[in-house]
Every structure is written in structure tokens, then in C-alpha cells.
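Comments concern the structure below.
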Amino acid sequence: MKVLTGCLLIAFLSGAYNHLYAQTGSSGLHGKVSEEKHLAAEAATVILLAAADSSIIKSAICNEKGIFKFDIKPGKYLLLISKIGYDQSLTGPYTVISDKDIAIGEINLTLHLPQLEAVSITAQRSYIEVKPDRIILNVQSSIISGGESAFDLLRQAPGVHADNKGDISIIGRSNALVTIDGKATQLTGPDLVDYLQSLPASMIDHLVLISNPSAKYEAAGGGIINFEMKKGTNAGTNFTVSTSAGYGKFGKGSAGLIFNNRRGKINIFGNYNYGDRKTDHAFITNRIINYKGNVNEYDVNYYATQQGYVHNFRIGTDYTLSTKHTIGVLVSGTINDDDFVKNNVLNVTNNGVLDSTISTKSQLNRGLNNLSYDINYTGKLDTMGKLLTVDVTYNDINRHSSEYIDNYFYNSAHVNYRPALKLQNLSPAKINILAAKVDYVNPLSKTARLEGGLKFSWVQSDNNLIFGPQVNGVYQSAPNFSSAFLYKENINSGYINYIGKLGQVDLIAGLRVEQSNTSGNGTSALMVSSVKKNYTDWFPQVQLNYQADAKNNFDISFNRGVNRAAYDAVNPFLYFTDLYDYRQGNPNLLPQYTNKIQISHTYNKKSMTTLYASVITNFYEFLDYVQNDSTKVSRSITQNFGTYSTYGLRFYVPVIFTNWWTGSFSADASYQRIKAYPQNGTLDKGTQWISLYSEQNLRLSNTLSAQVSGDYESPGFYGIGQFKADYYVDAGISKKILNRNGRLSLGVKDIFNTHRDFSTIKYQNLNMTVYDKKETRLITFSFSYNFGNISLKNTTKHDTGNEDEQKRAGGIAGKATSN
């Protein structure tokens with residue numbers, strides 16, 4: 001505090017001196033400082049620093065419109081902006097040339113949380129910033145981020161587990177809520193992976209990992225992962241374009257742009273990305289069934305290719321009504337369409353002798369249109385910092401899915417023993433989501449404030465399944481499988497948060513309350529089913545932070561969270577894989593609840609060590625298998641299996657070896673235990689699990705850089721399966737060109753093609769092995785270029801009111817799903 005006070009005093013005296021004795025000149029620097037939603041940051045202090053050594057040149061105070069101006073000599077400068085109640089912001093460097101008055105556009109300040117430390121005054125921000133309640137990856141400081149995707153960033157982030165099935169977690173195994181600028185991706189499972197892989201890292205400014213969110217955020221049991229996209233707020237028209245091409249087993253490519261146009265009180269911004277891809281998936285299982293003295297083996301070899309395209313877009317505008325009031329409109333969407341060619345071969349053996357083979361070939365066309373419409377308002381109610389925000393969002397989601405399946409039956413001599421069976425599988429779905437929320441901030445003093453808010457959400461998911469055989473050239477609907485299911489959900493929630501100090505300890509304490517009403521009504525030719533649930537949940541959160549000295553920070557936090565199932569997971573439909581394998585939804589599936597505590601130590605704002613414990617009840621985040629030994633039919637289903645406990649230690653350490661070689665090391669070692677509820681068996685098993693990750697960055701010249709990274713996960717038990725070790729190595733090289741406005745990158749993912757899942761299940765009457773491998777080895781080449789005023793700043797984060805609902809809606813895209 002003394003250092004900061006001294007710095008500000010020197011800046012004030014320096015500014016006063018320069019104001020009295022400055023010489024008249026035509027070289028200058030001017031801009032605008034704003035609070036949230038582009039409200040003028042009146043009386044904010046702007047300190048001008050020399051870029052070479054961060055020495056203070058002069059300072060200025062923003063006027064009532066948030067405007068500041070410096071008359072200075074030509075050179076390179078940094079700006080350090082501060083205002084009570086907001087985080088400091090360091091921007092630049094800016095180059096001032098002779099006889100030019102440089103306009104740098106708008107700089108946005110972020111509301112300050114007491115435990116988050118101030119920005120260090122350095123010319124370039126570190127790639128990873130470690131703070132007590134979150135980890136921030138400054139993506140544009142990465143050496144080769146231009147050649148990577150959003151999914152690559154997740155795989156490399158400290159403490160994050162991300163696999164090709166779409167399971168993404170920060171701590172333990174509970175899936176995190178993934179958002180883009182605070183707005184849910186609207187996808188989960190493989191569809192989420194496809195989307196994140198199509199999103200270039202060159203479009204991302206920050207990746208924020210919040211393992212223990214406050215009551216202000218959604219009660220996400222697995223934490224929150226937020227991608228903050230680059231958006232322009234500078235005056236005039238500015239944009240960045242990027243393109244990439246890759247090849248593994250098949251070719252793929254993408255292209256995109258970010259743009260903004262600011263004129264006076266209006267800023268129009270957006271981004272667009274198109275991806276065209278082809279990939280494959282191999283899935284091999286072996287089931288051994290011992291029934292009445294006979295040993296049968298059902299060996300499945302599944303191979304599919306997927307080819308299609310995806311459009312991702314966001315376009316919005318912010319209009320400044322006055323210096324204290326702003327309204328905004330945002331339209332975003334995902335449009336994709338994919339064609340799958342599937343080949344499934346099932347070999348059946350009796351007592352070691354081949355009995356028969358069923359060959360299943362199918363062609364599936366599946367597409368998803370997800371459009372979101374959002375309107376928001378921000379008002380600064382007084383000069384003390386009272387703030388009111390309102391947000392209303394509507395989502396219209398439509399899925400089409402048409403699959404035609406041909407089954408061929410062969411005996412041990414590979415001779416047809418029955419006619420081919422042709423099946424039709426149509427499963428259209430429509431989901432509508434309406435959400436509205438109000439948030440209020442009331443400062444109590446310079447170091448304390450109250451936050452509160454209310455939220456309403458309404459969801460309707462209408463699903464149909466038309467399944468049946470072809471009879472005399474015409475497809476018929478089979479009553480045992482065809483059905484309709486209408487699911488409705490209403491969640492009303494509110495929260496209150498206190499942020500302040502207890503002596504030398506910073507405190508955040510909050511409570512979130514959610515009241516849920518759900519109903520599901522299914523109809524088929526055989527039965528009518530109805531499920532209703534009404535319940536209220538309380539989610540407390542507390543965080544204490546102590547700054548022992550300039551280098552050592554200690555933090556302890558606790559929160560309770562919830563994960564609600566994807567909408568298609570509660571849909572009771574039976575989905576056909578082959579004649580002996582089905583996937584089924586569960587309308588009786590309950591939310592799972594997480595109680596989590598963390599104790600962390602941060603050293604020098606860089607290294608972090610964390611002790612954590614997490615207990616999940618109603619745990620369901622894996623597929624359980626139910627096998628009928630008599631019919632040999634296996635159904636995979638999601639159900640509330642039991643409790644899942646995790647106790648662990650993780651750390652992250654960055655290392656500077658030389659001025660051209662830096663690295664980082666992270667490790668997570670935990671003991672995990674799963675205990676089944678009595679109705680699901682007697683499983684009570686613990687396992688040790690270790691995750692290691694390292695990244696090495698080499699700066700070969702001022703414009704040429706390279707990176708090598710590796711990940712290792714030890715063998716471990718998860719769900720009902722014992723998994724083998726999994727590991728991979730990535731590498732890349734990047735070159736800045738065209739006066740550093742352009743970047744060329746070449747990368748290789750999973751160099752040794754080792755990334756896959758391999759598990760063994762031996763539980764109750766199940767005895768099976770599972771091998772799951774997608775295309776992971778890939779060579780990519782990418783290019784990006786910045787046009788216009790390239791010093792793009794973050795605009796206000798456009799959170800919407802329905803993040804969690806959209807995440808859970810993602811499952812209608814076919815593979816899985818998740819405010």
C-alpha cells in the first residue's frame with residue numbers, strides 16, 4: 001500500500017510539474033477510460049510510463065466523459081489506469097510519432113475483488129497469471145497460440161482435464177460450466193469438443209479458470225471455464241482475420257474474423273468462424289457373458305467417419321445513452337451439419353467358437369441450429385458506484401437427425417442366414433429457453449460492497465423419436481421404440497454477496513438459493529409416463545484471503561454447487577447402436593451436488609500450491625451399463641450411481657531457465673473413491689490418480705518461437721472402469737511477419753498418436769473391455785493478420801441470462817450436452 005501511495009504521489013507531482021512547464025507541441029496521446037458497459041470512468045487516474053523501463057513520465061485525471069489527454073514527445077509509452085473500486089489496468093505499448101495526436105480508443109476497467117492482486121508494471125504480461133480465486137491465461141502472450149484452438153488451450157491449462165469425449169473439469173471429475181464471454185457454448189460432449197477445436201486461439205484474449213465461484217455466479221459444482229474473446233472498441237473500423245488448415249487422417253480447415261466499428265456513442269462488434277472438417281472414430285468393445293454354463297463373447301468393432309461444417313457467429317452493438325447508462329443487443333449462433341458413415345461389426349462366439357456375425361452399416365445426417373437473442377442494460381445510479389444491470393435472453397434451438405441403418409446377418413461360414421433388416425431412426429428435437437436476470441452492486445465503503453441479484457429461467461424441450469423397420473419398401477414405426485417426450489423446467493434463483501475485509505483478511509461470503517420445478521411427459525404406443533419434481537436448494541460460499549507479505553498469499557474457500565443433467569439425458573428414449581446395444585435416457589435422473597473446500601498458497605504471484613477436497617452426491621457423470629444375461633442385450637444409461645470423493649494436492653510452477661527458454665510444470669495427485677448406492681450394487685473402491693503436464697517455450701529470435709508440451713495421466717479407476725495410462729506430446733513453431741501484424745504457425749498434435757481411452761470393466765455381471773480412439777494426431781498450419789488499429793481492448797463481457805440452460809441443451813446435437 002505504501003508503494004502504491006508513493007507511486008501515485010510521485011505521479012501527481014510529476015503531472016503537476018509537467019502541467020506547469022510543458023512545452024507546446026503537436027505530438028500527443030488521448031483516449032477514454034470506461035467502467036462496465038462503457039460508462040465513463042470519471043476521475044480515474046491515468047499514469048504515463050516509459051515503455052523501456054516503466055518510469056513515470058506524467059499523469060492525468062479523466063474528465064466527466066472519461067477522456068484523458070497527454071501532450072508528449074515522440075516515443076513508446078505504457079498507460080497505468082486506476083480508480084477506487086476497480087482493478088488497475090496496464091495497456092500498451094503505444095508509439096507516438098512526431099506531429100501526430102494518437103487516439104488509442106477506449107480502455108475498460110474491471111470491478112475489483114479485494115483478494116485479487118494488482119497488476120504488476122511490466123511491459124508484457126505473463127502467459128499465466130495465478131490469483132487466489134482463479135487462473136488467467138493471457139492467450140495473446142502465448143508463443144504459438146496462433147496455431148492452436150480453444151480446445152488446445154484447455155488441454156494445456158494448469159489443472160484442467162479435457163478429453164475428446166467432452167469431459168472438461170478443473171478439480172476432481174465434475175464437469176465445469178464452459179462459457180464464451182460469460183455465455184454458455186450451448187454444447188457438451190463431442191459436439192463441445194468439435195466447437196472448441198473449430199475456434200482459433202487467435203480470436204481469444206483470455207482463458208479464465210474459476211474453481212470456486214462466488215454466489216454471484218451460477219452454482220456450478222465443477223467450477224467455471226470462461227473464454228474471453230478479443231473484440232475491438234477502438235474508434236473507426238478494425239478487424240483481425242485468421243485461417244488454418246490441418247491434416248491427420250483427413251483434411252480440415254477453418255477461417256474467421258473479428259471486427260468492430262465505433263462511431264461516437266455506437267460500437268458494433270462481432271466475430272465469425274467457419275470450419276470444415278472430416279475426422280474418424282474407432283470404438284472397440286469385448287463383452288464376455290457367462291450364463292448357465294455357456295461362455296458367450298460379443299465383440300464389437302465400430303468405425304465411423306464424420307464430415308461436415310460449422311458456422312459460429314456473434315454480432316452485437318452497445319449504445320451509450322449517457323455517461324452513466326448503456327444498452328446492448330447481442331445475436332449469436334451455431335449452425336452445423338454433419339454426415340456420418342458408420343460400420344459396425346458384431347462377432348458372436350459360443351464357448352470360443354464363432355457362431356455368427358452381424359454387420360451394421362448406416363448413414364446419418366445430423367444438424368443443429370442454435371440461435372440466441374440478448375438485450376442488456378447497465379446503469380450507474382450514483383457517483384459512489386451503485387450499479388444496476390438487466391439482461392434478457394431467448395434461445396431457439398432446433399436439431400434434425402435422420403439415420404438409415406442396414407443390418408446383414410451371417411453364420412460362421414459367412415453365409416446369410418436371414419434377410420437383411422433395414423431400419424429408420426428419426427429424432428428431431430426443439431428446445432426453447434427464456435431467461436431474465438437483474439444484478440445490483442451497492443458499495444458500502446472503499447473496501448466493501450454488497451451484491452445481489454434475481455434470475456428467472458424457463459425451458460421447454462420437445463423431442464420425438466420415430467424408429468422402425470422397412471416393410472415392403474416402406475418404413476414403419478415400431479411402438480416399442482417410437483415415442484414423444486416433452487420436458488419443462490422453471491428455475492427461480494436469487495443471491496446475496498458481501499465483499500469486504502476482516503482486519504487484514506479479505507472476505508467474500510455469499511448465499512445463492514434456487515427453486516426448481518420440472519415436469520416430463522412421455523407418450524408411446526405402449527405407455528404414457530409423467531415425472532414431476534419440485535425442490536429448493538441452498539448454495540453457500542465463503543472465501544478468506546490473507547496477504548502475508550509481498551510474495552506470499554494464502555487463501556481458503558468453500559462452496560456448494562450443483563450439476564444438472566443435459567436435457568436429452570432425462571429423455572427416456574432408447575437409441576439404437578446395434579441389435580444387442582442400446583443407449584437410454586433416464587427421466588428420474590436427479591441433479592448431482594458438490595461440496596468443495598480448497599486451501600491454496602500463491603508465491604510471488606506465479607507459483608501456486610493447492611490442497612483440495614470434493615464430495616459429490618448423486619454422482620452420474622459416466623455411462624453405466626445394464627446387461628441382461630439371458631437376452632445378451634446391453635443398455636448404457638446415466639443414473640445417480642453413488643458418492644464420489646476426491647482428496648488431492650496440485651501445484652503449478654513456472655521456471656525461467658534463460659532469457660530465451662522458459663517452462664512451466666504442473667501436477668495433480670489425488671485419492672479418489674466411489675461408493676455405489678445400494679440399488680446399484682456394492683462397489684466401494686478407491687484409487688490413486690496423478691496428472692502431469694509440462695510446457696517448454698523457446699524464443700529463437702525476436703520473431704521466431706517454438707513450443708513443446710506433454711501430458712500424462714496415470715492409470716486409475718473411474719465410474720465402474722479401470723483405465724490405462726494416457727499421454728501425448730505436442731509441438732509447434734511460430735513466426736511473426738509483416739511488421740509483426742501477421743503470424744504464421746505450424747503445429748503437430750499428439751506426435752506419437754498415443755492419446756486414447758482404454759478401460760476394463762468387471763462389475764456385477766459385467767466383464768468387458770473398451771477401446772475408444774479418435775483422430776488426435778494432426779498437423780496444422782495457420783495464419784492470422786491484424787488490420788486497422790491493432791491494439792484491441794476487451795469490450796464489456798456480454799454475459800447472458802441462460803448460460804447453464806444452453807449448456808444442457810447441447811446434448812440434442814446427438815452425443816451428449818449442459819446460468
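Every chain in the C-alpha cells has a letter given in the order shown (A, B, ...), and although residue numbers restart at 1 in each chain, ligands are simply numbered from 1 in the order shown.
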Determine, counting only C-alpha atoms, which protein, DNA and RNA residues have an atom within 12 Å of an atom of region 404-416 of chain A; residues of the same chain fewer than 3 positions away are not included. Present the result as a PyMOL selection string. chain A and resi 339-350+353-366+401+419-427+466-470+475+576-579
Could you please write out, as a ChimeraX atom specification, every residue of region 664-814 of chain A that DSSP assigns to strand (DSSP E or B)? /A:664-676,684-699,704-713,716-718,721-723,726-737,742-749,757-763,766-774,778-787
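Proximity to Ala50 (chain A) was assessed for A:Asp439, A:Asn63, A:Leu80, A:Leu111 counting only C-alpha atoms; the smallest distance is recorded for A:Leu80.
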Which is closest to Ser254 (chain A) among A:Asp668, A:Asp280, A:Asp374, A:Glu148, if we use only C-alpha atoms?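 Of all the options, A:Glu148 lies closest to Ser254 (chain A).
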Nearby residues (only C-alpha atoms) at most 6 Å from Lys100 (chain A), same-chain spacing under 2 positions excluded, as JSON, numbers by chain: {"A": [27, 97, 98]}
Grab the CA of Ile433 (chain A) to CA of Val562 (chain A) distance for me, in Å with one decimal place.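 Atom-to-atom, CA of Ile433 (chain A) and CA of Val562 (chain A) are spaced 19.4 Å apart.
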Using DSSP on the backbone coordinates, identify the residues of region 121-313 of chain A assigned to helix (DSSP H, G or I); present them as a PyMOL selection string. chain A and resi 139-141+145-147+150-156+189-198+201-203
Min atom-atom distance to Ile204 (chain A) from the set A:Val139, A:Ala245, A:Leu39, A:Ala220, counting only C-alpha atoms, belongs to A:Val139
Using only C-alpha atoms, which of A:Lys386, A:Lys430, A:Arg560, A:Arg262 sits nearest Gly222 (chain A)?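 Distance minimum relative to Gly222 (chain A) lands on A:Arg560.
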Would you list the contacts of Ser493 (chain A) as a ChimeraX atom specification, taking every protein, DNA or RNA residue within 6 Å and counting only C-alpha atoms, but skipping same-chain residues closer than 5 positions in sequence? /A:454-455,513-514
Please produce a file of the residues just selected, as a tab-separated table (two decimals), in the first residue's frame, where the atoms kept are N, CA, C and O atoms.
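The resulting selection.tsv:
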chain	number	residue	atom	x	y	z
A	454	LEU	N	-31.44	-11.44	-8.90
A	454	LEU	CA	-32.52	-12.39	-9.10
A	454	LEU	C	-32.46	-12.92	-10.52
A	454	LEU	O	-32.03	-12.21	-11.44
A	455	LYS	N	-32.91	-14.15	-10.70
A	455	LYS	CA	-32.93	-14.74	-12.04
A	455	LYS	C	-34.14	-15.64	-12.20
A	455	LYS	O	-34.54	-16.36	-11.28
A	513	VAL	N	-29.81	-19.14	-3.64
A	513	VAL	CA	-30.95	-20.01	-3.44
A	513	VAL	C	-31.61	-20.27	-4.80
A	513	VAL	O	-31.83	-19.33	-5.58
A	514	GLU	N	-31.89	-21.53	-5.10
A	514	GLU	CA	-32.53	-21.89	-6.36
A	514	GLU	C	-33.74	-22.78	-6.10
A	514	GLU	O	-33.64	-23.79	-5.39
Identify which of the residues A:Ala41, A:Ile508, A:Ile288, A:Val615 lies closest to Asn765 (chain A), counting only C-alpha atoms when measuring atom-to-atom distances.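 Using only C-alpha atoms, Asn765 (chain A) sits closest to A:Ile288.
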For CA of Asn463 (chain A) and CA of Ala429 (chain A), determine how far apart the two atoms are, in Å to one decimal place. 4.5 Å
Need the shell around Val329 (chain A): protein/DNA/RNA residues with any atom at most 8 Å away, counting only C-alpha atoms. Skip same-chain ones fewer than 2 positions apart. Format as a list of chain:residue names? A:Gly316, A:Thr317, A:Asp318, A:Ile327, A:Val331, A:Tyr373, A:Asp374, A:Ile375, A:Asn376
Output file for the residues above (all heavy atoms, as a compact mmCIF listing (two decimals), in the first residue's frame):
# COMPACT_ATOMS: atom_id res chain seq x y z
N GLY A 316 -23.06 -7.84 -32.25
CA GLY A 316 -23.77 -7.06 -31.25
C GLY A 316 -23.44 -5.58 -31.36
O GLY A 316 -22.56 -5.17 -32.11
N THR A 317 -24.17 -4.81 -30.59
CA THR A 317 -23.92 -3.37 -30.55
C THR A 317 -24.16 -2.86 -29.13
O THR A 317 -25.05 -3.36 -28.42
CB THR A 317 -24.83 -2.62 -31.54
OG1 THR A 317 -24.53 -1.23 -31.50
CG2 THR A 317 -26.30 -2.82 -31.21
N ASP A 318 -23.36 -1.91 -28.73
CA ASP A 318 -23.56 -1.19 -27.48
C ASP A 318 -23.84 0.27 -27.81
O ASP A 318 -23.12 0.88 -28.62
CB ASP A 318 -22.31 -1.27 -26.59
CG ASP A 318 -22.11 -2.66 -26.02
OD1 ASP A 318 -23.12 -3.32 -25.72
OD2 ASP A 318 -20.95 -3.09 -25.87
N ILE A 327 -27.10 0.55 -23.21
CA ILE A 327 -27.89 -0.63 -23.59
C ILE A 327 -27.13 -1.39 -24.66
O ILE A 327 -26.32 -0.82 -25.41
CB ILE A 327 -29.30 -0.26 -24.09
CG1 ILE A 327 -29.21 0.63 -25.34
CG2 ILE A 327 -30.12 0.38 -22.99
CD1 ILE A 327 -30.58 0.85 -25.99
N VAL A 331 -26.65 -10.88 -30.84
CA VAL A 331 -27.20 -12.06 -31.52
C VAL A 331 -26.04 -13.01 -31.79
O VAL A 331 -25.00 -12.61 -32.32
CB VAL A 331 -27.89 -11.68 -32.85
CG1 VAL A 331 -28.40 -12.93 -33.55
CG2 VAL A 331 -29.02 -10.69 -32.59
N TYR A 373 -30.72 -14.61 -28.74
CA TYR A 373 -31.03 -13.18 -28.85
C TYR A 373 -30.98 -12.58 -27.45
O TYR A 373 -31.67 -13.06 -26.53
CB TYR A 373 -32.41 -12.96 -29.47
CG TYR A 373 -32.63 -13.74 -30.75
CD1 TYR A 373 -33.16 -15.03 -30.72
CD2 TYR A 373 -32.28 -13.19 -31.98
CE1 TYR A 373 -33.35 -15.74 -31.89
CE2 TYR A 373 -32.47 -13.90 -33.16
CZ TYR A 373 -33.00 -15.17 -33.10
OH TYR A 373 -33.19 -15.88 -34.27
N ASP A 374 -30.18 -11.54 -27.29
CA ASP A 374 -29.95 -10.99 -25.96
C ASP A 374 -30.04 -9.47 -25.99
O ASP A 374 -29.55 -8.81 -26.91
CB ASP A 374 -28.56 -11.40 -25.46
CG ASP A 374 -28.21 -10.80 -24.12
OD1 ASP A 374 -28.67 -11.33 -23.10
OD2 ASP A 374 -27.49 -9.78 -24.10
N ILE A 375 -30.69 -8.89 -24.96
CA ILE A 375 -30.72 -7.45 -24.77
C ILE A 375 -30.33 -7.16 -23.33
O ILE A 375 -30.75 -7.88 -22.40
CB ILE A 375 -32.11 -6.85 -25.11
CG1 ILE A 375 -32.07 -5.32 -24.98
CG2 ILE A 375 -33.21 -7.45 -24.25
CD1 ILE A 375 -33.30 -4.64 -25.55
N ASN A 376 -29.49 -6.16 -23.12
CA ASN A 376 -28.98 -5.89 -21.79
C ASN A 376 -28.89 -4.39 -21.52
O ASN A 376 -28.80 -3.58 -22.46
CB ASN A 376 -27.61 -6.56 -21.59
CG ASN A 376 -26.63 -6.15 -22.68
OD1 ASN A 376 -26.02 -5.10 -22.64
ND2 ASN A 376 -26.46 -7.03 -23.68
What's around Glu713 (chain A) at 6 Å? Count only C-alpha atoms, leave out sequence neighbours fewer than 2 positions away in its own chain, and write the answer as a ChimeraX atom specification. /A:690-691,725-726
